[in-house]
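Report on one structure; see the data block that follows.
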Amino acid sequence: QVQLVESGGGLVQAGGSLRLSCAASGRTMSNYAMGWFRQAPGKEREFVARISRSGGSTDYADSVKGRFTISKDNAKNTMYLQMNSLKPEDTAVYYCQARARYSTFDYWGQGTQVTVSS
């Protein structure tokens, strides 16, 4: 099992930046492909970004491409989401997700709130 804890959320003005962190414990992060998802009030959880087990491959939702950067430091067992040029529509609870190779089971963190004011 792996436990995931997000941090770094907060309130920021439009155009500002935040960096989210996801710390993993229980298993080494290099065994897991990982991602960020978000859920705004009244909406379903949606994909934001994903990164491969090695960190060498990334993918982004069109809505964040060019503004957000996902990365992971397997030595520190931590994944990051650098968010720049934030918009009010980025307001949501952001969740960290992990999936082991050959598995269909997802681990989730508890979420961290990001609020972007206009």
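Residue numbers start at 1 in each chain; chains themselves are named A, B, ... in the order of the structure tokens; ligands are numbered from 1 in the order shown.
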
### Message
So that I can check the surroundings of stretch 60-77 of chain A, please list as number ranges by chain every protein, DNA and RNA residue that reaches within 10 Å of it, counting only C-alpha atoms and ignoring chain neighbours fewer than 6 positions away.
### Response
A: 4, 17-32, 34-37, 46-54, 83-87, 89-90

### Message
One decimal, in Å: what's the spacing between atom CA of A:Glu6 and atom CA of A:Ser117?
### Response
21.2 Å

### Query
What gap, in Å, lies between atom CA of A:Tyr80 and atom CA of A:Gln1?
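One can read the atom CA of A:Tyr80 to atom CA of A:Gln1 distance as 20.3 Å.
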
### Message
With distances taken over only C-alpha atoms, which residue among A:Gln3, A:Thr58, A:Thr91, A:Gln110 lies nearest A:Pro41?
### Response
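Smallest separation from A:Pro41 among the options: A:Thr91.
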
### Query
Which is closer to A:Tyr94 than all the others in A:Tyr107, A:Gly8, A:Gly42, A:Thr78, using only C-alpha atoms?
A:Gly8

### Query
So which one's closest to A:Val12, A:Pro88, A:Leu81, A:Thr112, A:Ala98? Using only C-alpha atoms, please.
A:Pro88
